[in-house]
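Colleague: I'm passing along upload21.csv; it holds CSV, C-alpha atoms.
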chain,number,residue,atom,x,y,z
A,183,MET,CA,36.5,64.4,114.7
A,184,SER,CA,36.3,68.0,113.8
A,185,PRO,CA,32.8,69.5,113.4
A,186,ILE,CA,34.1,71.4,110.4
A,187,VAL,CA,34.9,69.9,107.0
A,188,VAL,CA,37.5,72.0,105.1
A,189,THR,CA,38.0,71.8,101.3
A,190,GLU,CA,39.8,74.0,98.8
A,191,GLU,CA,39.4,74.7,95.1
A,192,ARG,CA,41.1,77.4,93.1
A,193,GLY,CA,41.6,79.8,96.0
A,194,ILE,CA,38.2,79.2,97.6
A,195,VAL,CA,38.1,77.5,100.9
A,196,THR,CA,34.8,75.9,101.8
A,197,LEU,CA,34.1,75.4,105.5
A,198,ALA,CA,31.1,73.0,106.0
A,199,LEU,CA,29.4,72.8,109.4
A,200,ASP,CA,29.3,69.1,109.9
A,201,SER,CA,27.3,68.1,113.0
A,202,PRO,CA,24.1,66.9,111.2
A,203,ASP,CA,22.9,64.9,114.1
A,204,THR,CA,22.4,68.1,116.1
A,205,ARG,CA,21.3,70.1,113.0
A,206,ASN,CA,24.6,71.9,113.2
A,207,ALA,CA,23.6,73.5,116.5
A,208,LEU,CA,26.1,76.1,117.7
A,209,SER,CA,27.8,74.1,120.4
A,210,ALA,CA,31.0,75.1,122.2
A,211,ALA,CA,32.9,72.6,120.0
A,212,LEU,CA,31.4,73.8,116.7
A,213,VAL,CA,32.1,77.4,117.5
A,214,THR,CA,35.7,76.7,118.5
A,215,GLY,CA,36.2,74.5,115.4
A,216,LEU,CA,34.8,77.1,113.1
A,217,ALA,CA,36.9,79.9,114.7
A,218,ASP,CA,40.1,77.8,114.2
A,219,ALA,CA,39.2,77.0,110.5
A,220,LEU,CA,38.5,80.7,109.8
A,221,ALA,CA,41.8,81.7,111.4
A,222,GLY,CA,43.6,79.3,109.1
A,223,ALA,CA,41.9,80.6,106.0
A,224,GLY,CA,42.4,84.2,107.0
A,225,GLU,CA,46.2,83.7,107.4
A,226,ASP,CA,46.7,81.7,104.2
A,227,PRO,CA,47.9,83.9,101.3
A,228,ALA,CA,46.6,81.4,98.7
A,229,VAL,CA,43.0,81.8,99.9
A,230,ARG,CA,41.0,84.4,98.1
A,231,ALA,CA,37.6,83.8,99.8
A,232,VAL,CA,35.7,81.5,102.1
A,233,VAL,CA,32.4,79.7,101.6
A,234,LEU,CA,30.5,78.8,104.8
A,235,THR,CA,28.1,76.0,104.2
A,236,HIS,CA,26.7,72.9,105.8
A,237,THR,CA,26.2,69.1,105.6
A,238,GLY,CA,22.8,67.7,106.3
A,239,THR,CA,19.5,69.5,105.9
A,240,THR,CA,20.2,72.4,108.3
A,241,PHE,CA,22.7,75.2,108.0
A,242,SER,CA,22.4,75.7,111.7
A,243,ALA,CA,19.5,75.3,114.2
A,244,GLY,CA,20.9,78.0,116.5
A,245,ALA,CA,22.4,77.6,119.9
A,246,ASP,CA,23.0,74.1,121.2
A,247,LEU,CA,20.8,74.2,124.4
A,248,LYS,CA,22.7,71.1,125.8
A,249,ALA,CA,26.3,72.3,125.2
A,250,PRO,CA,26.1,76.0,124.5
A,251,PRO,CA,29.2,78.1,123.8
A,252,SER,CA,30.1,81.1,126.0
A,253,PRO,CA,28.1,84.1,124.7
A,254,TYR,CA,31.5,85.9,124.5
A,255,ALA,CA,32.9,83.1,122.3
A,256,PHE,CA,29.9,83.4,120.0
A,257,VAL,CA,30.3,87.2,119.7
A,258,ASP,CA,34.0,86.7,119.0
A,259,LEU,CA,33.1,84.2,116.2
A,260,LEU,CA,30.6,86.6,114.6
A,261,ARG,CA,33.2,89.4,114.8
A,262,GLN,CA,35.9,87.1,113.3
A,263,VAL,CA,33.7,86.5,110.3
A,264,VAL,CA,33.0,90.2,109.8
A,265,GLU,CA,36.7,91.2,110.3
A,266,LEU,CA,38.2,88.3,108.3
A,267,PRO,CA,40.4,89.9,105.6
A,268,LYS,CA,38.8,87.6,103.0
A,269,PRO,CA,35.2,87.7,101.8
A,270,VAL,CA,32.9,85.2,103.4
A,271,VAL,CA,30.0,83.7,101.4
A,272,GLY,CA,27.3,82.0,103.4
A,273,HIS,CA,25.5,79.2,101.6
A,274,VAL,CA,22.2,77.6,102.5
A,275,ALA,CA,21.6,74.6,100.2
A,276,ALA,CA,18.3,74.0,98.5
A,277,GLY,CA,15.7,72.9,101.0
A,278,GLY,CA,18.0,73.8,103.8
A,279,ARG,CA,17.0,75.5,107.1
A,280,ALA,CA,18.5,78.2,109.2
A,281,ARG,CA,17.2,79.2,112.6
A,282,ALA,CA,18.0,81.7,115.4
A,283,GLY,CA,21.8,81.9,115.9
A,284,GLY,CA,22.3,80.4,112.4
A,285,LEU,CA,20.8,83.6,111.0
A,286,GLY,CA,23.3,85.6,113.0
A,287,LEU,CA,26.1,83.7,111.4
A,288,LEU,CA,24.6,84.3,107.9
A,289,GLY,CA,24.3,88.0,108.9
A,290,ALA,CA,28.1,88.1,109.6
A,291,CYS,CA,28.8,86.9,106.0
A,292,ASP,CA,29.5,89.4,103.2
A,293,VAL,CA,27.3,87.6,100.7
A,294,VAL,CA,24.7,84.9,101.3
A,295,VAL,CA,23.2,82.6,98.7
A,296,ALA,CA,20.3,80.2,99.3
A,297,GLY,CA,18.8,77.4,97.3
A,298,GLU,CA,15.2,76.9,96.3
A,299,GLY,CA,13.0,75.9,99.2
A,300,ALA,CA,15.4,77.0,101.9
A,301,ASP,CA,13.7,78.6,104.9
A,302,PHE,CA,14.6,80.7,107.9
A,303,ALA,CA,13.2,81.7,111.3
A,304,LEU,CA,14.2,83.7,114.3
A,305,THR,CA,12.6,81.4,116.9
A,306,GLU,CA,14.1,82.9,120.1
A,307,VAL,CA,10.8,84.6,121.2
A,308,ARG,CA,9.2,81.1,121.3
A,309,ILE,CA,11.5,79.9,124.0
A,310,GLY,CA,11.4,83.0,126.2
A,311,VAL,CA,14.5,84.9,125.0
A,312,ALA,CA,15.3,87.3,122.2
A,313,PRO,CA,17.7,87.5,119.2
A,314,ALA,CA,20.0,89.7,121.3
A,315,VAL,CA,23.6,88.9,120.4
A,316,ILE,CA,22.8,88.1,116.7
A,317,SER,CA,21.3,91.6,116.4
A,318,LEU,CA,25.0,92.8,116.1
A,319,THR,CA,25.1,91.3,112.6
A,320,LEU,CA,21.4,91.3,111.6
A,321,LEU,CA,20.0,94.7,112.5
A,322,PRO,CA,22.6,96.8,110.5
A,323,ARG,CA,21.7,94.7,107.4
A,324,LEU,CA,17.9,94.0,107.6
A,325,ASP,CA,14.9,96.0,106.6
A,326,PRO,CA,13.6,97.4,110.0
A,327,ARG,CA,9.9,96.5,109.4
A,328,ALA,CA,10.8,92.9,108.3
A,329,ALA,CA,13.1,92.5,111.3
A,330,ALA,CA,10.3,93.6,113.6
A,331,ARG,CA,7.9,91.1,112.1
A,332,TYR,CA,10.2,88.1,112.3
A,333,TYR,CA,11.8,89.0,115.6
A,334,LEU,CA,8.4,89.2,117.2
A,335,THR,CA,6.5,86.4,115.6
A,336,GLY,CA,9.1,83.7,115.1
A,337,GLU,CA,7.4,82.8,111.8
A,338,ARG,CA,9.3,80.9,109.1
A,339,PHE,CA,10.0,82.7,105.9
A,340,GLY,CA,11.4,81.7,102.5
A,341,VAL,CA,14.1,82.8,100.1
A,342,PRO,CA,12.0,85.6,98.4
A,343,GLU,CA,11.3,87.2,101.8
A,344,ALA,CA,14.9,86.7,102.9
A,345,ARG,CA,16.2,88.5,99.8
A,346,ALA,CA,13.7,91.3,100.1
A,347,MET,CA,14.7,92.0,103.7
A,348,GLY,CA,18.4,91.9,103.0
A,349,LEU,CA,19.4,88.6,104.6
A,350,VAL,CA,20.0,86.7,101.4
A,351,THR,CA,22.0,88.2,98.5
A,352,ALA,CA,21.3,85.8,95.6
A,353,GLY,CA,20.0,82.4,94.6
A,354,GLU,CA,22.2,79.3,94.9
A,355,GLU,CA,22.5,79.2,91.1
A,356,GLU,CA,24.5,82.4,91.2
A,357,LEU,CA,27.2,81.0,93.5
A,358,PRO,CA,29.7,80.0,90.7
A,359,ALA,CA,29.6,83.5,89.2
A,360,ILE,CA,30.0,85.1,92.6
A,361,LEU,CA,33.1,82.9,93.3
A,362,ASP,CA,34.6,83.7,89.9
A,363,GLY,CA,34.1,87.4,90.6
A,364,LEU,CA,35.9,87.0,93.9
A,365,ARG,CA,38.8,85.1,92.2
A,366,ALA,CA,39.2,88.0,89.8
A,367,GLY,CA,39.7,90.5,92.7
A,368,SER,CA,43.1,91.3,94.1
A,369,PRO,CA,43.7,90.4,97.7
A,370,GLN,CA,44.2,94.0,98.7
A,371,GLY,CA,41.2,95.2,96.8
A,372,LEU,CA,39.0,92.5,98.4
A,373,ARG,CA,40.3,93.3,101.9
A,374,GLU,CA,39.8,97.0,101.6
A,375,SER,CA,36.5,96.8,99.9
A,376,LYS,CA,35.3,94.5,102.7
A,377,ARG,CA,36.4,97.0,105.3
A,378,LEU,CA,34.1,99.6,103.6
A,379,VAL,CA,31.0,97.5,103.5
A,380,THR,CA,31.4,96.1,107.1
A,381,ALA,CA,32.0,99.4,108.8
A,382,ARG,CA,28.4,99.8,110.1
A,383,VAL,CA,28.4,96.2,111.4
A,384,LEU,CA,31.7,96.6,113.3
A,385,ALA,CA,30.4,99.9,114.7
A,386,ALA,CA,27.5,97.9,116.2
A,387,PHE,CA,30.0,95.6,117.9
A,388,GLU,CA,31.9,98.5,119.4
A,389,ARG,CA,28.8,100.1,120.6
A,390,ASP,CA,26.5,97.3,121.7
A,391,ALA,CA,28.3,93.9,122.1
A,392,GLU,CA,28.8,94.0,125.9
A,393,GLU,CA,25.2,95.2,126.6
A,394,LEU,CA,23.7,92.5,124.4
A,395,VAL,CA,25.8,89.7,125.9
A,396,GLN,CA,24.7,90.8,129.3
A,397,ARG,CA,21.0,91.0,128.2
A,398,SER,CA,21.3,87.6,126.6
A,399,ALA,CA,22.7,86.0,129.8
A,400,THR,CA,19.9,87.6,131.9
A,401,LEU,CA,17.3,86.3,129.5
A,402,PHE,CA,18.7,82.7,129.4
A,403,ALA,CA,18.8,82.6,133.2
A,404,SER,CA,15.2,83.6,133.6
A,405,ALA,CA,12.3,81.4,134.6
A,406,GLU,CA,10.5,82.0,131.3
A,407,ALA,CA,13.5,80.8,129.4
A,408,ARG,CA,13.9,77.7,131.5
A,409,GLU,CA,10.3,76.9,130.8
A,410,GLY,CA,10.7,77.6,127.1
A,411,MET,CA,13.8,75.5,126.7
A,412,THR,CA,12.4,72.7,128.7
A,413,ALA,CA,9.2,72.7,126.6
A,414,PHE,CA,11.3,72.7,123.5
A,415,LEU,CA,13.4,69.7,124.6
A,416,GLU,CA,10.2,67.9,125.8
A,417,ARG,CA,8.5,68.7,122.5
A,418,ARG,CA,5.5,70.4,124.1
A,419,ASP,CA,3.9,73.8,124.2
A,420,PRO,CA,5.3,76.2,126.8
A,421,ALA,CA,3.1,77.3,129.6
A,422,TRP,CA,2.4,80.7,128.1
A,423,ARG,CA,1.1,79.4,124.7
A,424,LEU,CA,-2.5,80.6,124.2
Output the file's structure as structure tokens, nothing else.

Modeller:
Amino acid sequence: MSPIVVTEERGIVTLALDSPDTRNALSAALVTGLADALAGAGEDPAVRAVVLTHTGTTFSAGADLKAPPSPYAFVDLLRQVVELPKPVVGHVAAGGRARAGGLGLLGACDVVVAGEGADFALTEVRIGVAPAVISLTLLPRLDPRAAARYYLTGERFGVPEARAMGLVTAGEEELPAILDGLRAGSPQGLRESKRLVTARVLAAFERDAEELVQRSATLFASAEAREGMTAFLERRDPAWRL
């Protein structure tokens, strides 16, 4: 069964991450399935825009520690979202959660809406690694002071903070109006406008992707990361916790 549910309505394709048992963790299978679904949407002339959403209570919990994708495959997925010739709207439902790599996926989207009570966290620091690869999509978009706080503390933050820092564009209630706006745009106009607003993000890929993949691989192979991931899976505090 595919980990992605695909539906279509009036030129808008919705791709729902559908592995609720793992909180839509970014496994190799989910990353491959999403890449395939995005490719299909990008090539379909009847599709005006894509909504990226989720089933269950979590948009994505970040990397699947038991069945992770290749870091290169995840970088390719992030770049595919940014380069897709159709706008991509990320959607975190009311009360939903997004963690770690899930925020990188939202950062790759052109517009992000979130429902009341949704919350977010960059939790990498708490398992001994860093938000390295996802910095490609996050740092060009986020307020630097807010990025520093949440990169370093791993704290949870809500929709108001996410909007203020540049992660979230609008509330969930604005999604219908946003989609109607996209339906009113011409395919060429949408494609070329997207190229303008994603230029800085793509520049980060060209400049930093290889270095960040290598840094991520080094961190995940470290003794601290092994302790952090083991502690997480065993539901205990890591050895460094004060």

Colleague: Mind listing whatever residues come within 10 Å of the point (32.4, 71.9, 104.2)? Use only C-alpha atoms, file coordinates, and give them as a list in words.

Modeller: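 Using only C-alpha atoms, the matching residues come out as Pro185, Ile186, Val187, Val188, Thr189, Glu190, Val195, Thr196, Leu197, Ala198, Leu199, Asp200, Val233, Leu234, Thr235, His236 and Thr237 of chain A.
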
Colleague: Please, what distance in Å, to one decimal, runs between CA of Leu357 (chain A) and CA of Asp301 (chain A)?

Modeller: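 Computing the Euclidean distance for CA of Leu357 (chain A) and CA of Asp301 (chain A) yields 17.8 Å.
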
Colleague: List as CSV every residue of region 228-254 of chain A that is in contact with region 386-397 of chain A, defined as an atom at most 10 Å from one of its atoms (using only C-alpha atoms), together with the nearest atom pair and the distance in Å rounded to one decimal, sorted by chain and then rising number.

Modeller:
residue,atom,partner,partner_atom,distance
A:Ser252,CA,A:Val395,CA,9.6
A:Pro253,CA,A:Val395,CA,6.2
A:Tyr254,CA,A:Val395,CA,7.0

Colleague: What does the distance from CA of Leu285 (chain A) to CA of Gly193 (chain A) come to in Å, to one decimal?

Modeller: 25.9 Å

Colleague: In Å, with one decimal, what is the gap from CA of Ser242 (chain A) to CA of Phe302 (chain A)?

Modeller: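 Spanning CA of Ser242 (chain A) to CA of Phe302 (chain A) is a straight-line distance of 10.0 Å.
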
Colleague: Which residue, A:Leu287, A:Val232, A:Val274, A:Ala245, has the smallest gap to Ala207 (chain A) when you use only C-alpha atoms?

Modeller: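 Comparing A:Leu287, A:Val232, A:Val274, A:Ala245 against Ala207 (chain A), the winner is A:Ala245.
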
Colleague: Assuming the input is short of atoms at region 335-351 of chain A, produce N, CA, C and O atoms for that part as a PDB file, in the coordinates of the input.

Modeller:
ATOM      1  N   THR A 335       7.394  87.483 115.812  1.00  0.00           N
ATOM      2  CA  THR A 335       6.500  86.400 115.600  1.00  0.00           C
ATOM      3  C   THR A 335       7.159  84.996 115.551  1.00  0.00           C
ATOM      4  O   THR A 335       6.503  83.979 115.763  1.00  0.00           O
ATOM      5  N   GLY A 336       8.443  84.957 115.242  1.00  0.00           N
ATOM      6  CA  GLY A 336       9.100  83.700 115.100  1.00  0.00           C
ATOM      7  C   GLY A 336       8.677  82.888 113.875  1.00  0.00           C
ATOM      8  O   GLY A 336       9.000  81.702 113.736  1.00  0.00           O
ATOM      9  N   GLU A 337       7.935  83.524 112.956  1.00  0.00           N
ATOM     10  CA  GLU A 337       7.400  82.800 111.800  1.00  0.00           C
ATOM     11  C   GLU A 337       8.588  82.370 110.872  1.00  0.00           C
ATOM     12  O   GLU A 337       9.635  83.004 110.790  1.00  0.00           O
ATOM     13  N   ARG A 338       8.332  81.296 110.150  1.00  0.00           N
ATOM     14  CA  ARG A 338       9.300  80.900 109.100  1.00  0.00           C
ATOM     15  C   ARG A 338       9.054  81.764 107.860  1.00  0.00           C
ATOM     16  O   ARG A 338       7.941  82.197 107.584  1.00  0.00           O
ATOM     17  N   PHE A 339      10.129  82.012 107.131  1.00  0.00           N
ATOM     18  CA  PHE A 339      10.000  82.700 105.900  1.00  0.00           C
ATOM     19  C   PHE A 339      10.987  82.133 104.863  1.00  0.00           C
ATOM     20  O   PHE A 339      11.976  81.483 105.232  1.00  0.00           O
ATOM     21  N   GLY A 340      10.675  82.321 103.586  1.00  0.00           N
ATOM     22  CA  GLY A 340      11.400  81.700 102.500  1.00  0.00           C
ATOM     23  C   GLY A 340      12.465  82.582 101.899  1.00  0.00           C
ATOM     24  O   GLY A 340      12.724  83.706 102.343  1.00  0.00           O
ATOM     25  N   VAL A 341      13.048  82.083 100.806  1.00  0.00           N
ATOM     26  CA  VAL A 341      14.100  82.800 100.100  1.00  0.00           C
ATOM     27  C   VAL A 341      13.626  84.153  99.562  1.00  0.00           C
ATOM     28  O   VAL A 341      14.339  85.161  99.698  1.00  0.00           O
ATOM     29  N   PRO A 342      12.443  84.246  98.943  1.00  0.00           N
ATOM     30  CA  PRO A 342      12.000  85.600  98.400  1.00  0.00           C
ATOM     31  C   PRO A 342      11.957  86.615  99.541  1.00  0.00           C
ATOM     32  O   PRO A 342      12.407  87.752  99.358  1.00  0.00           O
ATOM     33  N   GLU A 343      11.404  86.254 100.700  1.00  0.00           N
ATOM     34  CA  GLU A 343      11.300  87.200 101.800  1.00  0.00           C
ATOM     35  C   GLU A 343      12.725  87.520 102.339  1.00  0.00           C
ATOM     36  O   GLU A 343      13.024  88.681 102.669  1.00  0.00           O
ATOM     37  N   ALA A 344      13.586  86.497 102.410  1.00  0.00           N
ATOM     38  CA  ALA A 344      14.900  86.700 102.900  1.00  0.00           C
ATOM     39  C   ALA A 344      15.733  87.645 101.994  1.00  0.00           C
ATOM     40  O   ALA A 344      16.536  88.466 102.463  1.00  0.00           O
ATOM     41  N   ARG A 345      15.499  87.541 100.683  1.00  0.00           N
ATOM     42  CA  ARG A 345      16.200  88.500  99.800  1.00  0.00           C
ATOM     43  C   ARG A 345      15.619  89.870  99.897  1.00  0.00           C
ATOM     44  O   ARG A 345      16.379  90.847  99.912  1.00  0.00           O
ATOM     45  N   ALA A 346      14.304  89.991 100.031  1.00  0.00           N
ATOM     46  CA  ALA A 346      13.700  91.300 100.100  1.00  0.00           C
ATOM     47  C   ALA A 346      14.123  92.061 101.377  1.00  0.00           C
ATOM     48  O   ALA A 346      14.277  93.287 101.365  1.00  0.00           O
ATOM     49  N   MET A 347      14.361  91.336 102.462  1.00  0.00           N
ATOM     50  CA  MET A 347      14.700  92.000 103.700  1.00  0.00           C
ATOM     51  C   MET A 347      16.195  92.225 103.887  1.00  0.00           C
ATOM     52  O   MET A 347      16.608  92.907 104.822  1.00  0.00           O
ATOM     53  N   GLY A 348      17.021  91.650 102.992  1.00  0.00           N
ATOM     54  CA  GLY A 348      18.400  91.900 103.000  1.00  0.00           C
ATOM     55  C   GLY A 348      19.269  90.813 103.699  1.00  0.00           C
ATOM     56  O   GLY A 348      20.485  90.966 103.874  1.00  0.00           O
ATOM     57  N   LEU A 349      18.658  89.681 104.048  1.00  0.00           N
ATOM     58  CA  LEU A 349      19.400  88.600 104.600  1.00  0.00           C
ATOM     59  C   LEU A 349      20.141  87.772 103.588  1.00  0.00           C
ATOM     60  O   LEU A 349      21.293  87.368 103.789  1.00  0.00           O
ATOM     61  N   VAL A 350      19.482  87.507 102.469  1.00  0.00           N
ATOM     62  CA  VAL A 350      20.000  86.700 101.400  1.00  0.00           C
ATOM     63  C   VAL A 350      20.347  87.619 100.200  1.00  0.00           C
ATOM     64  O   VAL A 350      19.552  88.489  99.850  1.00  0.00           O
ATOM     65  N   THR A 351      21.513  87.399  99.588  1.00  0.00           N
ATOM     66  CA  THR A 351      22.000  88.200  98.500  1.00  0.00           C
ATOM     67  C   THR A 351      21.465  87.710  97.133  1.00  0.00           C
ATOM     68  O   THR A 351      21.076  88.496  96.257  1.00  0.00           O
TER      69      THR A 351
END
